Every structure is written in structure tokens, then in C-alpha cells.
$ cat entry_23.cif   # mmCIF, C-alpha atoms
data_data
#
loop_
_atom_site.group_PDB
_atom_site.id
_atom_site.type_symbol
_atom_site.label_atom_id
_atom_site.label_comp_id
_atom_site.auth_asym_id
_atom_site.auth_seq_id
_atom_site.Cartn_x
_atom_site.Cartn_y
_atom_site.Cartn_z
ATOM 1 C CA VAL A 1 19.123 209.414 -30.989
ATOM 2 C CA GLN A 2 18.797 208.180 -34.545
ATOM 3 C CA LEU A 3 16.115 209.109 -37.034
ATOM 4 C CA GLN A 4 15.325 206.918 -40.025
ATOM 5 C CA ALA A 5 13.212 208.589 -42.692
ATOM 6 C CA SER A 6 11.393 206.664 -45.382
ATOM 7 C CA GLY A 7 8.483 206.895 -47.782
ATOM 8 C CA GLY A 8 9.861 209.170 -50.442
ATOM 9 C CA GLY A 9 9.522 208.402 -54.106
ATOM 10 C CA SER A 10 8.411 209.633 -57.496
ATOM 11 C CA VAL A 11 4.785 210.526 -58.177
ATOM 12 C CA GLN A 12 2.806 212.479 -60.691
ATOM 13 C CA ALA A 13 1.238 215.795 -59.806
ATOM 14 C CA GLY A 14 -1.900 215.283 -57.798
ATOM 15 C CA GLY A 15 -0.581 212.137 -56.184
ATOM 16 C CA SER A 16 0.101 211.353 -52.551
ATOM 17 C CA LEU A 17 2.972 210.123 -50.435
ATOM 18 C CA LYS A 18 3.333 209.453 -46.739
ATOM 19 C CA LEU A 19 6.719 210.008 -45.162
ATOM 20 C CA SER A 20 7.713 208.278 -41.945
ATOM 21 C CA CYS A 21 10.495 209.054 -39.524
ATOM 22 C CA LYS A 22 11.230 206.468 -36.880
ATOM 23 C CA ALA A 23 13.259 207.455 -33.864
ATOM 24 C CA SER A 24 15.467 205.056 -31.986
ATOM 25 C CA GLN A 25 17.678 205.303 -28.920
ATOM 26 C CA ILE A 26 15.270 207.758 -27.346
ATOM 27 C CA ILE A 27 13.072 207.135 -24.347
ATOM 28 C CA LEU A 28 9.350 207.391 -24.859
ATOM 29 C CA SER A 29 8.803 210.316 -22.508
ATOM 30 C CA VAL A 30 11.408 212.408 -24.315
ATOM 31 C CA PHE A 31 9.990 211.520 -27.719
ATOM 32 C CA SER A 32 6.459 212.317 -26.580
ATOM 33 C CA SER A 33 7.434 215.744 -25.285
ATOM 34 C CA SER A 34 9.655 216.772 -28.193
ATOM 35 C CA ARG A 35 8.951 219.225 -30.953
ATOM 36 C CA MET A 36 8.938 217.545 -34.361
ATOM 37 C CA GLY A 37 9.320 218.979 -37.781
ATOM 38 C CA TRP A 38 9.581 218.131 -41.432
ATOM 39 C CA TYR A 39 11.844 220.268 -43.561
ATOM 40 C CA ARG A 40 12.694 220.164 -47.230
ATOM 41 C CA GLN A 41 15.511 221.339 -49.411
ATOM 42 C CA ALA A 42 15.214 221.738 -53.151
ATOM 43 C CA PRO A 43 18.289 221.984 -55.389
ATOM 44 C CA GLY A 44 19.906 225.390 -55.081
ATOM 45 C CA LYS A 45 17.615 226.447 -52.257
ATOM 46 C CA GLN A 46 17.883 226.667 -48.510
ATOM 47 C CA ARG A 47 16.312 224.127 -46.230
ATOM 48 C CA GLU A 48 12.847 225.271 -45.189
ATOM 49 C CA LEU A 49 10.327 224.236 -42.586
ATOM 50 C CA VAL A 50 7.318 222.478 -44.085
ATOM 51 C CA ALA A 51 5.402 221.376 -41.010
ATOM 52 C CA GLU A 52 5.896 221.201 -37.290
ATOM 53 C CA LEU A 53 4.218 219.508 -34.384
ATOM 54 C CA THR A 54 4.949 221.333 -31.171
ATOM 55 C CA SER A 55 5.499 219.687 -27.816
ATOM 56 C CA GLY A 56 2.071 220.958 -26.857
ATOM 57 C CA GLY A 57 0.425 219.246 -29.787
ATOM 58 C CA SER A 58 -0.134 222.243 -32.036
ATOM 59 C CA THR A 59 0.637 222.063 -35.726
ATOM 60 C CA ASN A 60 2.026 224.709 -38.033
ATOM 61 C CA TYR A 61 2.464 224.556 -41.779
ATOM 62 C CA GLN A 62 4.208 226.496 -44.468
ATOM 63 C CA ASP A 63 1.571 228.419 -46.411
ATOM 64 C CA SER A 64 2.267 226.537 -49.626
ATOM 65 C CA VAL A 65 1.332 223.175 -48.091
ATOM 66 C CA LYS A 66 -1.609 224.148 -45.915
ATOM 67 C CA GLY A 67 -4.589 221.963 -46.629
ATOM 68 C CA ARG A 68 -2.437 219.429 -48.485
ATOM 69 C CA PHE A 69 0.074 218.152 -45.906
ATOM 70 C CA THR A 70 -0.585 216.752 -42.446
ATOM 71 C CA ILE A 71 1.982 216.077 -39.744
ATOM 72 C CA SER A 72 1.222 213.526 -37.067
ATOM 73 C CA LYS A 73 2.966 211.128 -34.730
ATOM 74 C CA ASN A 74 2.548 207.803 -33.022
ATOM 75 C CA ASN A 75 4.234 207.924 -29.659
ATOM 76 C CA ALA A 76 4.099 204.178 -29.085
ATOM 77 C CA ARG A 77 5.941 203.630 -32.363
ATOM 78 C CA LYS A 78 8.197 206.658 -31.825
ATOM 79 C CA THR A 79 7.392 207.674 -35.366
ATOM 80 C CA VAL A 80 6.432 210.995 -36.913
ATOM 81 C CA TYR A 81 4.603 211.139 -40.237
ATOM 82 C CA LEU A 82 3.992 213.582 -43.038
ATOM 83 C CA GLN A 83 0.981 212.822 -45.204
ATOM 84 C CA MET A 84 1.315 214.693 -48.474
ATOM 85 C CA ASN A 85 -1.673 214.973 -50.787
ATOM 86 C CA SER A 86 -2.274 216.860 -54.020
ATOM 87 C CA LEU A 87 1.448 216.960 -54.647
ATOM 88 C CA GLU A 88 2.805 219.593 -56.998
ATOM 89 C CA PRO A 89 6.084 219.727 -58.931
ATOM 90 C CA GLU A 90 7.138 222.541 -56.587
ATOM 91 C CA ASP A 91 7.099 220.012 -53.738
ATOM 92 C CA THR A 92 10.078 218.223 -55.261
ATOM 93 C CA ALA A 93 12.885 218.211 -52.707
ATOM 94 C CA VAL A 94 14.751 216.141 -50.184
ATOM 95 C CA TYR A 95 12.644 215.936 -47.051
ATOM 96 C CA TYR A 96 14.230 215.786 -43.601
ATOM 97 C CA CYS A 97 12.683 215.007 -40.250
ATOM 98 C CA ASN A 98 13.801 216.802 -37.130
ATOM 99 C CA ILE A 99 13.250 216.179 -33.449
ATOM 100 C CA GLU A 100 14.086 218.816 -30.880
ATOM 101 C CA GLY A 101 13.692 218.111 -27.212
ATOM 102 C CA ALA A 102 15.306 217.532 -23.887
ATOM 103 C CA SER A 103 17.894 215.195 -25.381
ATOM 104 C CA GLY A 104 18.970 217.570 -28.124
ATOM 105 C CA ASN A 105 18.305 218.416 -31.757
ATOM 106 C CA TYR A 106 18.431 215.569 -34.249
ATOM 107 C CA TRP A 107 18.019 215.152 -38.009
ATOM 108 C CA GLY A 108 17.120 212.234 -40.208
ATOM 109 C CA GLN A 109 19.079 211.397 -43.315
ATOM 110 C CA GLY A 110 16.571 212.785 -45.811
ATOM 111 C CA THR A 111 14.273 211.137 -48.299
ATOM 112 C CA GLN A 112 13.801 212.275 -51.886
ATOM 113 C CA VAL A 113 10.378 213.316 -53.151
ATOM 114 C CA THR A 114 10.018 213.927 -56.855
ATOM 115 C CA VAL A 115 6.772 215.168 -58.368
ATOM 116 C CA SER A 116 6.408 215.216 -62.130
ATOM 117 C CA SER A 117 3.917 217.297 -64.058
#

$ encode --input "entry_23.cif" --output "C-alpha cells"
Amino acid sequence: VQLQASGGGSVQAGGSLKLSCKASQIILSVFSSSRMGWYRQAPGKQRELVAELTSGGSTNYQDSVKGRFTISKNNARKTVYLQMNSLEPEDTAVYYCNIEGASGNYWGQGTQVTVSS
């Protein structure tokens, strides 16, 4: 399984970005039933969970992003998304996608998000 993350960039505070993570070499049924997550790691800090989409379809968010970030997926495209609105400088980090399911636990390569004040 390979995960290709994209969509990062530099924005001013209050702006929006949409991250995408496309999975390949994974069958649709496994992708559809997997847990998916977006994590981030800021310089000097540990990687932290930002948002997850469970295999049952429930979503969970870190308190600091609730109401601003939305995780979703498109099974047909084997892609998971993270819509980020009202971005804050504290959201600056490298963002990683993660898929955990019957075929294992996989990480994307990370995409940089930089928010300036």
C-alpha cells in the first residue's frame, strides 16, 4: 500500500487548505473498511492525531481543530481528505495521512502546512 499526500502549502491565518491522500495498491474493500487518520508534527513536538475516520464511519477530532477541520473520504477514488478552514499559526506542521486496516498500518510521506499571522 502506498499513500500519496498532497495539498499542503503556505496560507495566511484565516485561510483554508484541503489535503488529499490517495491510496494505491490497495483493494477497494480494504480501503473502504479501514480506519483513516490525519496526524501532524510541528518542529520539536511529537506527532499528534488531528482527525480520524473510523471504519464504522464515525469521526473524531482533536479539540483544537473541532469546528474548523473536516475529515472525509471518497472510496471510489481511494482518497481521504482533510478540509482545513480558519487556519491558525498553531496549525503549522507537517501533516501525515494514515490508513490502518486489514492489510496493515500505512503512512503517507507528509505534506507541509505553514500558516502565517

$ closest_residue --input "entry_23.cif" --among "A:Val94, A:Leu82, A:Ile27, A:Val115" --to "Gly14 (chain A)" --atoms "all atoms listed in the file"
A:Val115

$ closest_residue --input "entry_23.cif" --among "A:Asn74, A:Gln12, A:Leu28, A:Trp38" --to "Ala102 (chain A)" --atoms "only C-alpha atoms"
A:Leu28

$ residues_around --input "entry_23.cif" --residues "region 108-112 of chain A" --least-positions-apart "3" --cutoff "8 Å" --atoms "all atoms listed in the file" --output "list of chain:residue names"
A:Gln2, A:Leu3, A:Gln4, A:Ala5, A:Ser6, A:Gly7, A:Gly8, A:Gly9, A:Cys21, A:Thr92, A:Ala93, A:Val94, A:Tyr95, A:Tyr96, A:Cys97, A:Asn98

$ closest_residue --input "entry_23.cif" --among "A:Thr70, A:Asn75, A:Ser117, A:Gln62" --to "Ser34 (chain A)" --atoms "all atoms listed in the file"
A:Asn75

$ atom_distance --input "entry_23.cif" --atom1 "CA of Leu87 (chain A)" --atom2 "CA of Lys66 (chain A)"
11.7 Å

$ resolve_selection --input "entry_23.cif" --expression "the PyMOL selection byres ((chain A and resi 99) around 12)" --output "VMD selection string"
chain A and resid 1 to 5 21 to 24 26 30 to 39 52 to 55 73 78 to 80 96 to 98 100 to 108

$ atom_distance --input "entry_23.cif" --atom1 "CA of Gly57 (chain A)" --atom2 "CA of Thr114 (chain A)"
29.2 Å

$ atom_distance --input "entry_23.cif" --atom1 "CA of Asp63 (chain A)" --atom2 "CA of Ser10 (chain A)"
22.9 Å

$ closest_residue --input "entry_23.cif" --among "A:Arg77, A:Met84, A:Val113, A:Ser16" --to "Pro43 (chain A)" --atoms "all atoms listed in the file"
A:Val113

$ closest_residue --input "entry_23.cif" --among "A:Ala13, A:Asp91, A:Phe69, A:Thr59" --to "Ser116 (chain A)" --atoms "all atoms listed in the file"
A:Ala13

$ closest_residue --input "entry_23.cif" --among "A:Gln46, A:Ser20, A:Ser86, A:Val11" --to "Val65 (chain A)" --atoms "all atoms listed in the file"
A:Ser86

$ decode --input "entry_23.cif" --residues "region 40-89 of chain A" --atoms "N, CA and C atoms" --output "mmCIF file, in the first residue's frame"
data_model
loop_
_atom_site.group_PDB
_atom_site.id
_atom_site.type_symbol
_atom_site.label_atom_id
_atom_site.label_comp_id
_atom_site.auth_asym_id
_atom_site.auth_seq_id
_atom_site.Cartn_x
_atom_site.Cartn_y
_atom_site.Cartn_z
ATOM 1 N N ARG A 40 -0.304 15.317 12.615
ATOM 2 C CA ARG A 40 0.610 16.402 12.298
ATOM 3 C C ARG A 40 1.762 16.419 13.302
ATOM 4 N N GLN A 41 2.859 16.955 12.823
ATOM 5 C CA GLN A 41 4.034 17.065 13.681
ATOM 6 C C GLN A 41 4.678 18.422 13.448
ATOM 7 N N ALA A 42 4.682 19.220 14.497
ATOM 8 C CA ALA A 42 5.331 20.524 14.445
ATOM 9 C C ALA A 42 6.776 20.378 14.890
ATOM 10 N N PRO A 43 7.643 21.292 14.513
ATOM 11 C CA PRO A 43 9.051 21.210 14.908
ATOM 12 C C PRO A 43 9.206 21.096 16.424
ATOM 13 N N GLY A 44 9.976 20.118 16.845
ATOM 14 C CA GLY A 44 10.244 19.943 18.266
ATOM 15 C C GLY A 44 9.119 19.309 19.048
ATOM 16 N N LYS A 45 8.078 18.883 18.359
ATOM 17 C CA LYS A 45 6.932 18.279 19.042
ATOM 18 C C LYS A 45 6.679 16.873 18.522
ATOM 19 N N GLN A 46 5.931 16.121 19.301
ATOM 20 C CA GLN A 46 5.579 14.769 18.892
ATOM 21 C C GLN A 46 4.446 14.790 17.875
ATOM 22 N N ARG A 47 4.387 13.746 17.084
ATOM 23 C CA ARG A 47 3.297 13.610 16.142
ATOM 24 C C ARG A 47 1.991 13.423 16.921
ATOM 25 N N GLU A 48 0.948 14.099 16.479
ATOM 26 C CA GLU A 48 -0.326 14.043 17.180
ATOM 27 C C GLU A 48 -1.465 13.799 16.199
ATOM 28 N N LEU A 49 -2.492 13.129 16.698
ATOM 29 C CA LEU A 49 -3.666 12.863 15.896
ATOM 30 C C LEU A 49 -4.495 14.140 15.771
ATOM 31 N N VAL A 50 -4.857 14.472 14.554
ATOM 32 C CA VAL A 50 -5.683 15.649 14.295
ATOM 33 C C VAL A 50 -7.134 15.244 14.060
ATOM 34 N N ALA A 51 -7.318 14.230 13.241
ATOM 35 C CA ALA A 51 -8.672 13.792 12.897
ATOM 36 C C ALA A 51 -8.633 12.343 12.476
ATOM 37 N N GLU A 52 -9.694 11.630 12.792
ATOM 38 C CA GLU A 52 -9.792 10.247 12.357
ATOM 39 C C GLU A 52 -11.190 9.945 11.866
ATOM 40 N N LEU A 53 -11.226 9.002 10.939
ATOM 41 C CA LEU A 53 -12.471 8.494 10.388
ATOM 42 C C LEU A 53 -12.444 6.993 10.623
ATOM 43 N N THR A 54 -13.293 6.531 11.515
ATOM 44 C CA THR A 54 -13.244 5.126 11.888
ATOM 45 C C THR A 54 -13.814 4.243 10.782
ATOM 46 N N SER A 55 -13.578 2.956 10.907
ATOM 47 C CA SER A 55 -14.098 2.017 9.920
ATOM 48 C C SER A 55 -15.617 2.027 9.902
ATOM 49 N N GLY A 56 -16.204 2.427 11.021
ATOM 50 C CA GLY A 56 -17.659 2.498 11.092
ATOM 51 C C GLY A 56 -18.246 3.802 10.600
ATOM 52 N N GLY A 57 -17.363 4.731 10.237
ATOM 53 C CA GLY A 57 -17.838 5.990 9.677
ATOM 54 C C GLY A 57 -17.915 7.143 10.663
ATOM 55 N N SER A 58 -17.516 6.907 11.892
ATOM 56 C CA SER A 58 -17.516 7.985 12.881
ATOM 57 C C SER A 58 -16.272 8.837 12.717
ATOM 58 N N THR A 59 -16.389 10.079 13.122
ATOM 59 C CA THR A 59 -15.249 10.997 13.065
ATOM 60 C C THR A 59 -14.904 11.482 14.461
ATOM 61 N N ASN A 60 -13.614 11.699 14.672
ATOM 62 C CA ASN A 60 -13.125 12.249 15.923
ATOM 63 C C ASN A 60 -12.071 13.303 15.603
ATOM 64 N N TYR A 61 -12.069 14.350 16.389
ATOM 65 C CA TYR A 61 -11.137 15.451 16.140
ATOM 66 C C TYR A 61 -10.427 15.865 17.417
ATOM 67 N N GLN A 62 -9.211 16.319 17.230
ATOM 68 C CA GLN A 62 -8.501 16.958 18.333
ATOM 69 C C GLN A 62 -9.284 18.227 18.712
ATOM 70 N N ASP A 63 -9.333 18.525 19.983
ATOM 71 C CA ASP A 63 -10.145 19.658 20.440
ATOM 72 C C ASP A 63 -9.782 20.961 19.727
ATOM 73 N N SER A 64 -8.513 21.150 19.449
ATOM 74 C CA SER A 64 -8.077 22.426 18.882
ATOM 75 C C SER A 64 -8.550 22.640 17.448
ATOM 76 N N VAL A 65 -9.010 21.594 16.783
ATOM 77 C CA VAL A 65 -9.435 21.740 15.386
ATOM 78 C C VAL A 65 -10.930 21.511 15.193
ATOM 79 N N LYS A 66 -11.617 21.178 16.262
ATOM 80 C CA LYS A 66 -13.057 20.943 16.142
ATOM 81 C C LYS A 66 -13.761 22.182 15.604
ATOM 82 N N GLY A 67 -14.635 21.949 14.646
ATOM 83 C CA GLY A 67 -15.362 23.049 14.039
ATOM 84 C C GLY A 67 -14.614 23.737 12.913
ATOM 85 N N ARG A 68 -13.332 23.407 12.750
ATOM 86 C CA ARG A 68 -12.525 24.032 11.699
ATOM 87 C C ARG A 68 -12.068 23.016 10.643
ATOM 88 N N PHE A 69 -11.794 21.795 11.070
ATOM 89 C CA PHE A 69 -11.290 20.755 10.173
ATOM 90 C C PHE A 69 -12.367 19.701 9.954
ATOM 91 N N THR A 70 -12.368 19.122 8.764
ATOM 92 C CA THR A 70 -13.293 18.044 8.440
ATOM 93 C C THR A 70 -12.559 16.943 7.679
ATOM 94 N N ILE A 71 -12.667 15.730 8.191
ATOM 95 C CA ILE A 71 -12.085 14.579 7.502
ATOM 96 C C ILE A 71 -13.177 13.875 6.723
ATOM 97 N N SER A 72 -12.837 13.431 5.528
ATOM 98 C CA SER A 72 -13.800 12.718 4.701
ATOM 99 C C SER A 72 -13.034 11.794 3.751
ATOM 100 N N LYS A 73 -13.772 10.969 3.039
ATOM 101 C CA LYS A 73 -13.112 10.085 2.084
ATOM 102 C C LYS A 73 -14.003 9.851 0.884
ATOM 103 N N ASN A 74 -13.378 9.452 -0.194
ATOM 104 C CA ASN A 74 -14.076 9.022 -1.393
ATOM 105 C C ASN A 74 -13.581 7.622 -1.700
ATOM 106 N N ASN A 75 -14.420 6.651 -1.440
ATOM 107 C CA ASN A 75 -13.978 5.264 -1.605
ATOM 108 C C ASN A 75 -13.625 4.953 -3.057
ATOM 109 N N ALA A 76 -14.430 5.446 -3.978
ATOM 110 C CA ALA A 76 -14.189 5.139 -5.388
ATOM 111 C C ALA A 76 -12.826 5.661 -5.835
ATOM 112 N N ARG A 77 -12.412 6.779 -5.272
ATOM 113 C CA ARG A 77 -11.112 7.357 -5.613
ATOM 114 C C ARG A 77 -10.008 6.903 -4.664
ATOM 115 N N LYS A 78 -10.381 6.117 -3.654
ATOM 116 C CA LYS A 78 -9.422 5.644 -2.654
ATOM 117 C C LYS A 78 -8.616 6.820 -2.094
ATOM 118 N N THR A 79 -9.320 7.848 -1.751
ATOM 119 C CA THR A 79 -8.694 9.085 -1.294
ATOM 120 C C THR A 79 -9.363 9.564 -0.010
ATOM 121 N N VAL A 80 -8.553 9.994 0.929
ATOM 122 C CA VAL A 80 -9.046 10.590 2.163
ATOM 123 C C VAL A 80 -8.636 12.056 2.162
ATOM 124 N N TYR A 81 -9.493 12.911 2.679
ATOM 125 C CA TYR A 81 -9.300 14.349 2.634
ATOM 126 C C TYR A 81 -9.288 14.954 4.032
ATOM 127 N N LEU A 82 -8.674 16.108 4.133
ATOM 128 C CA LEU A 82 -8.769 16.914 5.341
ATOM 129 C C LEU A 82 -8.999 18.362 4.905
ATOM 130 N N GLN A 83 -10.227 18.829 5.090
ATOM 131 C CA GLN A 83 -10.547 20.213 4.800
ATOM 132 C C GLN A 83 -10.228 21.035 6.031
ATOM 133 N N MET A 84 -9.383 22.033 5.853
ATOM 134 C CA MET A 84 -8.938 22.849 6.982
ATOM 135 C C MET A 84 -9.347 24.298 6.732
ATOM 136 N N ASN A 85 -10.203 24.794 7.590
ATOM 137 C CA ASN A 85 -10.675 26.178 7.491
ATOM 138 C C ASN A 85 -10.218 26.977 8.699
ATOM 139 N N SER A 86 -10.303 28.282 8.579
ATOM 140 C CA SER A 86 -9.929 29.177 9.686
ATOM 141 C C SER A 86 -8.577 28.799 10.276
ATOM 142 N N LEU A 87 -7.621 28.595 9.405
ATOM 143 C CA LEU A 87 -6.299 28.151 9.846
ATOM 144 C C LEU A 87 -5.637 29.166 10.753
ATOM 145 N N GLU A 88 -4.891 28.651 11.701
ATOM 146 C CA GLU A 88 -4.184 29.456 12.696
ATOM 147 C C GLU A 88 -2.694 29.143 12.614
ATOM 148 N N PRO A 89 -1.856 30.076 13.032
ATOM 149 C CA PRO A 89 -0.404 29.791 13.017
ATOM 150 C C PRO A 89 -0.046 28.516 13.773
#
